[in-house]
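Below is target-v3.pdb, which holds PDB, C-alpha atoms.
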ATOM      1  CA  MET A   1      10.090  25.229 -23.581  1.00  0.00           C
ATOM      2  CA  ASN A   2       7.031  24.628 -25.631  1.00  0.00           C
ATOM      3  CA  GLN A   3       4.504  27.211 -24.560  1.00  0.00           C
ATOM      4  CA  GLN A   4       1.707  26.079 -26.859  1.00  0.00           C
ATOM      5  CA  LYS A   5      -1.694  26.097 -25.335  1.00  0.00           C
ATOM      6  CA  SER A   6      -2.670  22.529 -24.635  1.00  0.00           C
ATOM      7  CA  PRO A   7      -5.935  21.488 -26.245  1.00  0.00           C
ATOM      8  CA  SER A   8      -8.873  20.751 -24.020  1.00  0.00           C
ATOM      9  CA  GLU A   9      -8.867  17.164 -22.815  1.00  0.00           C
ATOM     10  CA  ASP A  10     -12.163  16.567 -24.612  1.00  0.00           C
ATOM     11  CA  LEU A  11     -10.625  17.357 -27.988  1.00  0.00           C
ATOM     12  CA  LEU A  12      -7.890  14.747 -27.716  1.00  0.00           C
ATOM     13  CA  TYR A  13      -8.266  11.680 -29.887  1.00  0.00           C
ATOM     14  CA  ARG A  14      -9.033   8.634 -27.806  1.00  0.00           C
ATOM     15  CA  PRO A  15      -9.637   5.303 -29.481  1.00  0.00           C
ATOM     16  CA  HIS A  16     -12.574   3.412 -28.106  1.00  0.00           C
ATOM     17  CA  MET A  17     -11.399   0.696 -25.765  1.00  0.00           C
ATOM     18  CA  SER A  18     -13.344  -2.101 -24.187  1.00  0.00           C
ATOM     19  CA  PRO A  19     -13.167  -2.125 -20.375  1.00  0.00           C
ATOM     20  CA  TRP A  20     -11.802  -5.643 -20.808  1.00  0.00           C
ATOM     21  CA  TRP A  21      -8.745  -4.676 -22.898  1.00  0.00           C
ATOM     22  CA  TRP A  22      -6.460  -6.108 -20.218  1.00  0.00           C
ATOM     23  CA  LEU A  23      -7.762  -9.642 -20.819  1.00  0.00           C
ATOM     24  CA  GLN A  24      -6.524  -9.616 -24.392  1.00  0.00           C
ATOM     25  CA  GLN A  25      -2.821 -10.095 -23.765  1.00  0.00           C
ATOM     26  CA  LYS A  26      -0.795 -11.733 -21.036  1.00  0.00           C
ATOM     27  CA  ASN A  27       1.291  -8.603 -20.423  1.00  0.00           C
ATOM     28  CA  TYR A  28      -1.791  -6.405 -20.147  1.00  0.00           C
ATOM     29  CA  PHE A  29      -3.263  -8.898 -17.708  1.00  0.00           C
ATOM     30  CA  LEU A  30      -0.128  -8.931 -15.539  1.00  0.00           C
ATOM     31  CA  PHE A  31      -0.098  -5.133 -15.614  1.00  0.00           C
ATOM     32  CA  MET A  32      -3.666  -5.076 -14.317  1.00  0.00           C
ATOM     33  CA  VAL A  33      -2.870  -7.663 -11.622  1.00  0.00           C
ATOM     34  CA  ARG A  34       0.020  -5.452 -10.529  1.00  0.00           C
ATOM     35  CA  GLU A  35      -2.171  -2.361 -10.402  1.00  0.00           C
ATOM     36  CA  LEU A  36      -4.940  -4.240  -8.572  1.00  0.00           C
ATOM     37  CA  SER A  37      -2.446  -5.493  -5.991  1.00  0.00           C
ATOM     38  CA  ALA A  38      -2.841  -2.002  -4.521  1.00  0.00           C
ATOM     39  CA  VAL A  39      -6.453  -2.849  -3.652  1.00  0.00           C
ATOM     40  CA  PHE A  40      -5.275  -5.632  -1.360  1.00  0.00           C
ATOM     41  CA  VAL A  41      -2.407  -3.583   0.028  1.00  0.00           C
ATOM     42  CA  GLY A  42      -4.959  -0.880   0.863  1.00  0.00           C
ATOM     43  CA  LEU A  43      -7.354  -3.463   2.267  1.00  0.00           C
ATOM     44  CA  PHE A  44      -4.754  -4.623   4.771  1.00  0.00           C
ATOM     45  CA  ALA A  45      -4.200  -1.017   5.845  1.00  0.00           C
ATOM     46  CA  LEU A  46      -7.964  -0.651   6.231  1.00  0.00           C
ATOM     47  CA  ILE A  47      -8.219  -3.821   8.348  1.00  0.00           C
ATOM     48  CA  SER A  48      -5.415  -2.455  10.543  1.00  0.00           C
ATOM     49  CA  LEU A  49      -7.250   0.855  10.837  1.00  0.00           C
ATOM     50  CA  VAL A  50     -10.394  -0.994  11.963  1.00  0.00           C
ATOM     51  CA  GLY A  51      -8.230  -2.742  14.557  1.00  0.00           C
ATOM     52  CA  VAL A  52      -6.967   0.575  15.928  1.00  0.00           C
ATOM     53  CA  TYR A  53     -10.550   1.849  16.001  1.00  0.00           C
ATOM     54  CA  ARG A  54     -11.805  -1.243  17.851  1.00  0.00           C
ATOM     55  CA  LEU A  55      -8.888  -0.921  20.252  1.00  0.00           C
ATOM     56  CA  SER A  56     -10.045   2.600  21.110  1.00  0.00           C
ATOM     57  CA  GLN A  57     -13.527   1.258  21.913  1.00  0.00           C
ATOM     58  CA  GLY A  58     -12.272  -0.923  24.726  1.00  0.00           C
ATOM     59  CA  GLU A  59     -11.441  -4.522  25.457  1.00  0.00           C
ATOM     60  CA  ASP A  60     -14.784  -6.141  24.530  1.00  0.00           C
ATOM     61  CA  ALA A  61     -15.016  -4.453  21.149  1.00  0.00           C
ATOM     62  CA  TYR A  62     -11.396  -5.293  20.425  1.00  0.00           C
ATOM     63  CA  GLN A  63     -11.975  -8.943  21.363  1.00  0.00           C
ATOM     64  CA  LEU A  64     -14.712  -9.157  18.707  1.00  0.00           C
ATOM     65  CA  TYR A  65     -12.235  -7.804  16.163  1.00  0.00           C
ATOM     66  CA  LEU A  66      -9.636 -10.399  17.171  1.00  0.00           C
ATOM     67  CA  SER A  67     -12.245 -13.169  16.855  1.00  0.00           C
ATOM     68  CA  ALA A  68     -13.183 -11.951  13.383  1.00  0.00           C
ATOM     69  CA  LEU A  69      -9.520 -12.253  12.377  1.00  0.00           C
ATOM     70  CA  GLN A  70      -9.699 -16.009  13.089  1.00  0.00           C
ATOM     71  CA  THR A  71     -12.721 -16.966  10.970  1.00  0.00           C
ATOM     72  CA  PRO A  72     -12.567 -19.074   7.765  1.00  0.00           C
ATOM     73  CA  SER A  73     -13.378 -16.009   5.681  1.00  0.00           C
ATOM     74  CA  ALA A  74     -10.432 -14.206   7.284  1.00  0.00           C
ATOM     75  CA  GLN A  75      -8.241 -17.162   6.305  1.00  0.00           C
ATOM     76  CA  VAL A  76      -9.271 -16.838   2.648  1.00  0.00           C
ATOM     77  CA  LEU A  77      -9.022 -13.056   2.682  1.00  0.00           C
ATOM     78  CA  PHE A  78      -5.555 -12.964   4.226  1.00  0.00           C
ATOM     79  CA  LEU A  79      -4.258 -15.638   1.838  1.00  0.00           C
ATOM     80  CA  VAL A  80      -5.430 -13.540  -1.103  1.00  0.00           C
ATOM     81  CA  ILE A  81      -3.951 -10.404   0.477  1.00  0.00           C
ATOM     82  CA  LEU A  82      -0.661 -12.259   1.001  1.00  0.00           C
ATOM     83  CA  LEU A  83      -0.451 -13.366  -2.638  1.00  0.00           C
ATOM     84  CA  PHE A  84      -1.074  -9.852  -3.927  1.00  0.00           C
ATOM     85  CA  SER A  85       1.226  -8.368  -1.307  1.00  0.00           C
ATOM     86  CA  ILE A  86       4.108 -10.574  -2.411  1.00  0.00           C
ATOM     87  CA  TYR A  87       3.324  -9.850  -6.056  1.00  0.00           C
ATOM     88  CA  HIS A  88       3.443  -6.161  -5.205  1.00  0.00           C
ATOM     89  CA  THR A  89       6.836  -6.581  -3.538  1.00  0.00           C
ATOM     90  CA  LEU A  90       8.295  -8.512  -6.488  1.00  0.00           C
ATOM     91  CA  THR A  91       7.047  -6.050  -9.108  1.00  0.00           C
ATOM     92  CA  TRP A  92       8.098  -3.065  -6.983  1.00  0.00           C
ATOM     93  CA  ILE A  93      11.601  -4.431  -6.485  1.00  0.00           C
ATOM     94  CA  HIS A  94      11.928  -5.136 -10.209  1.00  0.00           C
ATOM     95  CA  LEU A  95      10.774  -1.633 -11.129  1.00  0.00           C
ATOM     96  CA  THR A  96      13.204   0.064  -8.746  1.00  0.00           C
ATOM     97  CA  PRO A  97      16.376  -0.288 -10.881  1.00  0.00           C
ATOM     98  CA  MET A  98      14.505   1.121 -13.889  1.00  0.00           C
ATOM     99  CA  ILE A  99      13.318   4.219 -12.039  1.00  0.00           C
ATOM    100  CA  MET A 100      16.172   4.860  -9.664  1.00  0.00           C
ATOM    101  CA  VAL A 101      19.682   5.290 -11.016  1.00  0.00           C
ATOM    102  CA  VAL A 102      22.081   4.950  -8.115  1.00  0.00           C
ATOM    103  CA  ARG A 103      25.369   6.800  -8.384  1.00  0.00           C
ATOM    104  CA  ILE A 104      28.352   6.509  -6.113  1.00  0.00           C
ATOM    105  CA  GLY A 105      30.684   9.366  -6.921  1.00  0.00           C
ATOM    106  CA  SER A 106      30.767   9.534 -10.697  1.00  0.00           C
ATOM    107  CA  LYS A 107      30.038   5.839 -11.151  1.00  0.00           C
ATOM    108  CA  THR A 108      26.624   4.387 -11.847  1.00  0.00           C
ATOM    109  CA  VAL A 109      25.732   1.302  -9.882  1.00  0.00           C
ATOM    110  CA  PRO A 110      24.686  -1.457 -12.320  1.00  0.00           C
ATOM    111  CA  PRO A 111      20.898  -2.129 -12.214  1.00  0.00           C
ATOM    112  CA  ILE A 112      21.472  -5.771 -11.290  1.00  0.00           C
ATOM    113  CA  VAL A 113      23.291  -4.659  -8.114  1.00  0.00           C
ATOM    114  CA  VAL A 114      20.363  -2.408  -7.207  1.00  0.00           C
ATOM    115  CA  LEU A 115      18.010  -5.331  -7.802  1.00  0.00           C
ATOM    116  CA  ILE A 116      19.988  -7.797  -5.668  1.00  0.00           C
ATOM    117  CA  SER A 117      20.451  -5.204  -2.910  1.00  0.00           C
ATOM    118  CA  SER A 118      16.698  -4.642  -2.855  1.00  0.00           C
ATOM    119  CA  TYR A 119      16.056  -8.361  -2.435  1.00  0.00           C
ATOM    120  CA  LEU A 120      18.654  -8.546   0.340  1.00  0.00           C
ATOM    121  CA  ALA A 121      17.133  -5.516   2.050  1.00  0.00           C
ATOM    122  CA  TRP A 122      13.686  -7.102   1.827  1.00  0.00           C
ATOM    123  CA  MET A 123      14.966 -10.302   3.443  1.00  0.00           C
ATOM    124  CA  VAL A 124      16.893  -8.562   6.219  1.00  0.00           C
ATOM    125  CA  ILE A 125      14.003  -6.212   7.008  1.00  0.00           C
ATOM    126  CA  SER A 126      11.560  -9.135   6.958  1.00  0.00           C
ATOM    127  CA  LEU A 127      13.646 -11.214   9.371  1.00  0.00           C
ATOM    128  CA  ILE A 128      14.093  -8.312  11.799  1.00  0.00           C
ATOM    129  CA  LEU A 129      10.388  -7.498  11.617  1.00  0.00           C
ATOM    130  CA  LEU A 130       9.475 -11.148  12.091  1.00  0.00           C
ATOM    131  CA  TYR A 131      11.598 -11.251  15.210  1.00  0.00           C
ATOM    132  CA  LEU A 132      10.066  -8.036  16.540  1.00  0.00           C
ATOM    133  CA  LEU A 133       6.519  -9.213  15.862  1.00  0.00           C
ATOM    134  CA  VAL A 134       6.655 -12.717  17.314  1.00  0.00           C
ATOM    135  CA  GLY A 135       9.936 -12.957  19.203  1.00  0.00           C
ATOM    136  CA  ALA A 136      10.208  -9.823  21.270  1.00  0.00           C
TER     137      ALA A 136
ATOM    138  CA  MET B 137      13.315  30.758 -16.949  1.00  0.00           C
ATOM    139  CA  ALA B 138      11.035  30.151 -14.042  1.00  0.00           C
ATOM    140  CA  VAL B 139       8.806  27.161 -14.517  1.00  0.00           C
ATOM    141  CA  ARG B 140       5.723  27.252 -12.387  1.00  0.00           C
ATOM    142  CA  VAL B 141       4.321  23.841 -11.625  1.00  0.00           C
ATOM    143  CA  LYS B 142       0.562  24.000 -11.649  1.00  0.00           C
ATOM    144  CA  THR B 143      -0.224  20.491 -10.619  1.00  0.00           C
ATOM    145  CA  THR B 144      -0.442  18.523  -7.405  1.00  0.00           C
ATOM    146  CA  ASP B 145       0.680  15.330  -9.161  1.00  0.00           C
ATOM    147  CA  PRO B 146       4.175  15.230  -7.579  1.00  0.00           C
ATOM    148  CA  ILE B 147       2.600  15.136  -4.102  1.00  0.00           C
ATOM    149  CA  TRP B 148       0.344  12.207  -4.963  1.00  0.00           C
ATOM    150  CA  TRP B 149       3.108  10.420  -6.802  1.00  0.00           C
ATOM    151  CA  GLY B 150       5.427  10.922  -3.838  1.00  0.00           C
ATOM    152  CA  LEU B 151       2.890   9.475  -1.414  1.00  0.00           C
ATOM    153  CA  PHE B 152       2.152   6.623  -3.853  1.00  0.00           C
ATOM    154  CA  SER B 153       5.829   5.878  -4.118  1.00  0.00           C
ATOM    155  CA  ALA B 154       6.483   6.070  -0.368  1.00  0.00           C
ATOM    156  CA  GLY B 155       3.487   3.810   0.285  1.00  0.00           C
ATOM    157  CA  GLY B 156       4.576   1.373  -2.395  1.00  0.00           C
ATOM    158  CA  THR B 157       8.072   1.114  -0.952  1.00  0.00           C
ATOM    159  CA  LEU B 158       6.835   0.745   2.614  1.00  0.00           C
ATOM    160  CA  ALA B 159       4.305  -1.903   1.538  1.00  0.00           C
ATOM    161  CA  ALA B 160       6.885  -3.754  -0.555  1.00  0.00           C
ATOM    162  CA  PHE B 161       9.365  -4.155   2.273  1.00  0.00           C
ATOM    163  CA  LEU B 162       7.156  -4.416   5.356  1.00  0.00           C
ATOM    164  CA  LEU B 163       3.729  -5.705   4.404  1.00  0.00           C
ATOM    165  CA  PRO B 164       4.403  -9.364   3.491  1.00  0.00           C
ATOM    166  CA  VAL B 165       5.698 -10.126   6.998  1.00  0.00           C
ATOM    167  CA  HIS B 166       2.843  -8.251   8.640  1.00  0.00           C
ATOM    168  CA  VAL B 167       0.333 -10.152   6.488  1.00  0.00           C
ATOM    169  CA  ILE B 168       2.027 -13.481   7.228  1.00  0.00           C
ATOM    170  CA  VAL B 169       2.149 -12.931  11.000  1.00  0.00           C
ATOM    171  CA  THR B 170      -0.881 -10.881  11.965  1.00  0.00           C
ATOM    172  CA  GLY B 171      -3.013 -11.898   8.975  1.00  0.00           C
ATOM    173  CA  VAL B 172      -2.512 -15.449   7.748  1.00  0.00           C
ATOM    174  CA  GLY B 173      -0.680 -16.631  10.881  1.00  0.00           C
ATOM    175  CA  ILE B 174      -3.390 -15.644  13.317  1.00  0.00           C
ATOM    176  CA  ALA B 175      -6.226 -16.633  10.961  1.00  0.00           C
ATOM    177  CA  PHE B 176      -4.879 -20.200  10.669  1.00  0.00           C
ATOM    178  CA  GLY B 177      -3.780 -20.414  14.304  1.00  0.00           C
ATOM    179  CA  TRP B 178      -0.039 -20.684  13.523  1.00  0.00           C
ATOM    180  CA  VAL B 179       0.585 -17.540  15.525  1.00  0.00           C
ATOM    181  CA  SER B 180      -0.944 -16.916  18.927  1.00  0.00           C
ATOM    182  CA  PRO B 181      -3.518 -14.106  18.812  1.00  0.00           C
ATOM    183  CA  GLN B 182      -1.938 -13.056  22.109  1.00  0.00           C
ATOM    184  CA  ILE B 183       0.640 -11.067  20.133  1.00  0.00           C
ATOM    185  CA  LEU B 184      -2.244  -8.730  19.230  1.00  0.00           C
ATOM    186  CA  SER B 185      -3.924  -8.920  22.640  1.00  0.00           C
ATOM    187  CA  TYR B 186      -5.638  -5.852  24.073  1.00  0.00           C
ATOM    188  CA  GLN B 187      -3.131  -5.580  26.911  1.00  0.00           C
ATOM    189  CA  ARG B 188      -0.104  -5.934  24.629  1.00  0.00           C
ATOM    190  CA  MET B 189      -1.394  -3.516  21.990  1.00  0.00           C
ATOM    191  CA  THR B 190      -2.411  -0.823  24.461  1.00  0.00           C
ATOM    192  CA  SER B 191       0.945  -0.977  26.213  1.00  0.00           C
ATOM    193  CA  LEU B 192       2.903  -1.082  22.923  1.00  0.00           C
ATOM    194  CA  LEU B 193       0.995   1.925  21.626  1.00  0.00           C
ATOM    195  CA  GLU B 194       2.076   4.034  24.581  1.00  0.00           C
ATOM    196  CA  ASN B 195       5.379   4.248  22.730  1.00  0.00           C
ATOM    197  CA  PRO B 196       5.309   7.283  20.385  1.00  0.00           C
ATOM    198  CA  LEU B 197       7.627   5.561  17.906  1.00  0.00           C
ATOM    199  CA  LEU B 198       5.219   2.652  17.553  1.00  0.00           C
ATOM    200  CA  GLN B 199       2.323   5.093  17.193  1.00  0.00           C
ATOM    201  CA  ILE B 200       4.134   6.742  14.299  1.00  0.00           C
ATOM    202  CA  TYR B 201       5.068   3.368  12.810  1.00  0.00           C
ATOM    203  CA  LEU B 202       1.488   2.109  12.860  1.00  0.00           C
ATOM    204  CA  PHE B 203       0.257   5.458  11.538  1.00  0.00           C
ATOM    205  CA  LEU B 204       2.600   5.243   8.541  1.00  0.00           C
ATOM    206  CA  LEU B 205       1.752   1.554   8.061  1.00  0.00           C
ATOM    207  CA  ILE B 206      -1.908   2.551   7.673  1.00  0.00           C
ATOM    208  CA  SER B 207      -1.664   5.918   5.937  1.00  0.00           C
ATOM    209  CA  LEU B 208       0.987   5.440   3.258  1.00  0.00           C
ATOM    210  CA  PRO B 209      -0.450   2.197   1.785  1.00  0.00           C
ATOM    211  CA  LEU B 210      -3.829   3.971   1.582  1.00  0.00           C
ATOM    212  CA  PHE B 211      -2.266   6.691  -0.570  1.00  0.00           C
ATOM    213  CA  HIS B 212      -0.524   3.995  -2.590  1.00  0.00           C
ATOM    214  CA  TRP B 213      -3.912   2.372  -3.186  1.00  0.00           C
ATOM    215  CA  ALA B 214      -5.564   5.703  -3.993  1.00  0.00           C
ATOM    216  CA  HIS B 215      -3.082   6.615  -6.711  1.00  0.00           C
ATOM    217  CA  ARG B 216      -3.053   3.224  -8.429  1.00  0.00           C
ATOM    218  CA  PHE B 217      -6.778   2.679  -8.125  1.00  0.00           C
ATOM    219  CA  ARG B 218      -7.430   6.112  -9.598  1.00  0.00           C
ATOM    220  CA  PHE B 219      -5.576   5.126 -12.750  1.00  0.00           C
ATOM    221  CA  VAL B 220      -7.148   1.645 -12.817  1.00  0.00           C
ATOM    222  CA  LEU B 221     -10.581   3.249 -12.847  1.00  0.00           C
ATOM    223  CA  MET B 222      -9.555   5.587 -15.646  1.00  0.00           C
ATOM    224  CA  ASP B 223      -8.002   2.717 -17.613  1.00  0.00           C
ATOM    225  CA  LEU B 224     -11.271   0.832 -17.250  1.00  0.00           C
ATOM    226  CA  GLY B 225     -13.172   3.611 -18.970  1.00  0.00           C
ATOM    227  CA  LEU B 226     -13.849   6.316 -16.379  1.00  0.00           C
ATOM    228  CA  ARG B 227     -11.561   8.818 -18.074  1.00  0.00           C
ATOM    229  CA  SER B 228     -14.452  11.252 -18.417  1.00  0.00           C
ATOM    230  CA  LEU B 229     -14.825  11.265 -14.625  1.00  0.00           C
ATOM    231  CA  LYS B 230     -11.196  12.215 -14.031  1.00  0.00           C
ATOM    232  CA  THR B 231     -11.821  14.733 -11.253  1.00  0.00           C
ATOM    233  CA  PRO B 232     -14.496  12.847  -9.253  1.00  0.00           C
ATOM    234  CA  VAL B 233     -12.392   9.681  -9.424  1.00  0.00           C
ATOM    235  CA  ALA B 234      -9.335  11.536  -8.115  1.00  0.00           C
ATOM    236  CA  VAL B 235     -11.332  13.244  -5.354  1.00  0.00           C
ATOM    237  CA  LEU B 236     -12.890   9.932  -4.315  1.00  0.00           C
ATOM    238  CA  CYS B 237      -9.621   7.979  -4.237  1.00  0.00           C
ATOM    239  CA  TYR B 238      -7.409  10.559  -2.533  1.00  0.00           C
ATOM    240  CA  GLY B 239     -10.356  11.536  -0.321  1.00  0.00           C
ATOM    241  CA  VAL B 240     -10.661   7.988   1.050  1.00  0.00           C
ATOM    242  CA  ALA B 241      -6.916   7.938   1.745  1.00  0.00           C
ATOM    243  CA  MET B 242      -7.084  11.319   3.473  1.00  0.00           C
ATOM    244  CA  VAL B 243     -10.052  10.322   5.632  1.00  0.00           C
ATOM    245  CA  GLY B 244      -8.277   7.086   6.583  1.00  0.00           C
ATOM    246  CA  THR B 245      -5.130   9.039   7.418  1.00  0.00           C
ATOM    247  CA  LEU B 246      -7.076  11.521   9.533  1.00  0.00           C
ATOM    248  CA  LEU B 247      -8.853   8.725  11.428  1.00  0.00           C
ATOM    249  CA  ALA B 248      -5.571   6.901  12.025  1.00  0.00           C
ATOM    250  CA  ALA B 249      -3.984  10.120  13.324  1.00  0.00           C
ATOM    251  CA  LEU B 250      -6.910  10.868  15.640  1.00  0.00           C
ATOM    252  CA  LEU B 251      -7.052   7.320  16.989  1.00  0.00           C
ATOM    253  CA  LEU B 252      -3.315   6.876  17.446  1.00  0.00           C
ATOM    254  CA  PHE B 253      -2.113  10.307  18.550  1.00  0.00           C
ATOM    255  CA  LEU B 254      -4.981  11.629  20.684  1.00  0.00           C
TER     256      LEU B 254
END
Spit out the file's structure as structure tokens when you get a sec.
Amino acid sequence: MNQQKSPSEDLLYRPHMSPWWWLQQKNYFLFMVRELSAVFVGLFALISLVGVYRLSQGEDAYQLYLSALQTPSAQVLFLVILLFSIYHTLTWIHLTPMIMVVRIGSKTVPPIVVLISSYLAWMVISLILLYLLVGA
Amino acid sequence: MAVRVKTTDPIWWGLFSAGGTLAAFLLPVHVIVTGVGIAFGWVSPQILSYQRMTSLLENPLLQIYLFLLISLPLFHWAHRFRFVLMDLGLRSLKTPVAVLCYGVAMVGTLLAALLLFL
């Protein structure tokens, strides 16, 4: 292994980059959209956390939370969250075969099989979850 | 030769990855039903009613499920957002950015644990 002392971070060469570098090419832009999808994924978790908090405060407080979920601004917010959430799912599923090499015995499962399986798993899980959320 | 790993990166990457996978497979339906569906009135808000939620959350498995549904996506956000901020020019603030991002996720996780398990 290379045991050389790594230079201090400050001494590394770093070209100056505009904070807007990701607007210069379509691929950079899509990369940034993918990374920013995490903001909306996190936002949904945060909204859920607020719900759990309001639930702990009792029925009246929780009712205010439920009312806030039905306002026009909530409609816009959840639509945006949904778009980014689906974009996250698509990009995540497409990255999986590149990161994860699946082996069965000594054979490697072709990436396309991993990809299709992921889509199938997403659909099956979604249908079950849909049933549990609204049906049961 | 023993290789000593002197970084916490694998932990954060693991949480990021777990959160990303959980969000990828579970979140769209949750957003459609309890987000968009209720907001537009396609789904009855009764499915999130106080009575239903309090009785559902007596089940330890559902407590754990909701805990993971809140905590792991927060760590997913923290890890990605940390690198977004650095990519947007905050590379000189590497440590504060990391502390802020993972700190928010840890506080959120702690709150979720306290609220759900106590």
- request: Tell me, as a PyMOL selection string, which residues lie within 12 Å of Thr245 (chain B), counting only C-alpha atoms; anything in the same chain fewer than 2 positions away does not count.
  value: (chain A and resi 42+45-46+48-49) or (chain B and resi 151+200+202-211+214+238-243+247-253)
Selection file, C-alpha atoms, as a compact mmCIF listing (two decimals), in the coordinates of the input:
# COMPACT_ATOMS: atom_id res chain seq x y z
CA GLY A 42 -4.96 -0.88 0.86
CA ALA A 45 -4.20 -1.02 5.84
CA LEU A 46 -7.96 -0.65 6.23
CA SER A 48 -5.42 -2.46 10.54
CA LEU A 49 -7.25 0.86 10.84
CA LEU B 151 2.89 9.48 -1.41
CA ILE B 200 4.13 6.74 14.30
CA LEU B 202 1.49 2.11 12.86
CA PHE B 203 0.26 5.46 11.54
CA LEU B 204 2.60 5.24 8.54
CA LEU B 205 1.75 1.55 8.06
CA ILE B 206 -1.91 2.55 7.67
CA SER B 207 -1.66 5.92 5.94
CA LEU B 208 0.99 5.44 3.26
CA PRO B 209 -0.45 2.20 1.78
CA LEU B 210 -3.83 3.97 1.58
CA PHE B 211 -2.27 6.69 -0.57
CA ALA B 214 -5.56 5.70 -3.99
CA TYR B 238 -7.41 10.56 -2.53
CA GLY B 239 -10.36 11.54 -0.32
CA VAL B 240 -10.66 7.99 1.05
CA ALA B 241 -6.92 7.94 1.74
CA MET B 242 -7.08 11.32 3.47
CA VAL B 243 -10.05 10.32 5.63
CA LEU B 247 -8.85 8.72 11.43
CA ALA B 248 -5.57 6.90 12.02
CA ALA B 249 -3.98 10.12 13.32
CA LEU B 250 -6.91 10.87 15.64
CA LEU B 251 -7.05 7.32 16.99
CA LEU B 252 -3.32 6.88 17.45
CA PHE B 253 -2.11 10.31 18.55
- request: Fewer than 3 positions away in the same chain doesn't count, so skip those; otherwise give me all residues within 10 Å of Glu59 (chain A), counting all atoms listed in the file, as a PyMOL selection string.
  value: (chain A and resi 54-56+62-65) or (chain B and resi 185-187+190)
- prompt: Quick one: distance from CA of Ser73 (chain A) to CA of Pro181 (chain B) in Å, one decimal?
  reply: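 Rounded to one decimal, the two atoms are 16.5 Å apart.
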- prompt: Do you have the CA of Val41 (chain A)-CA of Leu79 (chain A) distance handy?
  reply: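 Straight-line distance from CA of Val41 (chain A) to CA of Leu79 (chain A) works out to 12.3 Å.
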- request: Could you tell me which of B:Thr143, B:Leu236, B:Trp148, B:Gln182 comes closest to chain A if we count all atoms listed in the file?
  value: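 Closest candidate: B:Gln182.
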- request: Given the file shown, determine the residues that the PyMOL selection byres ((chain A) within 8 of (chain B)) selects; report them as an MDAnalysis selection string.
  value: chainID A and resid 17:20 32 35:36 38:39 41:42 44:46 48:49 52:53 55:56 59 62:63 66 69:72 74:75 78:79 81:82 85:86 88:90 92:93 121:122 125:126 129:130 133:134
- request: Mind giving me the straight-line distance from CA of Ala68 (chain A) to CA of Leu83 (chain A) in Å, one decimal?
  value: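 Value for the CA of Ala68 (chain A)-CA of Leu83 (chain A) distance: 20.5 Å.
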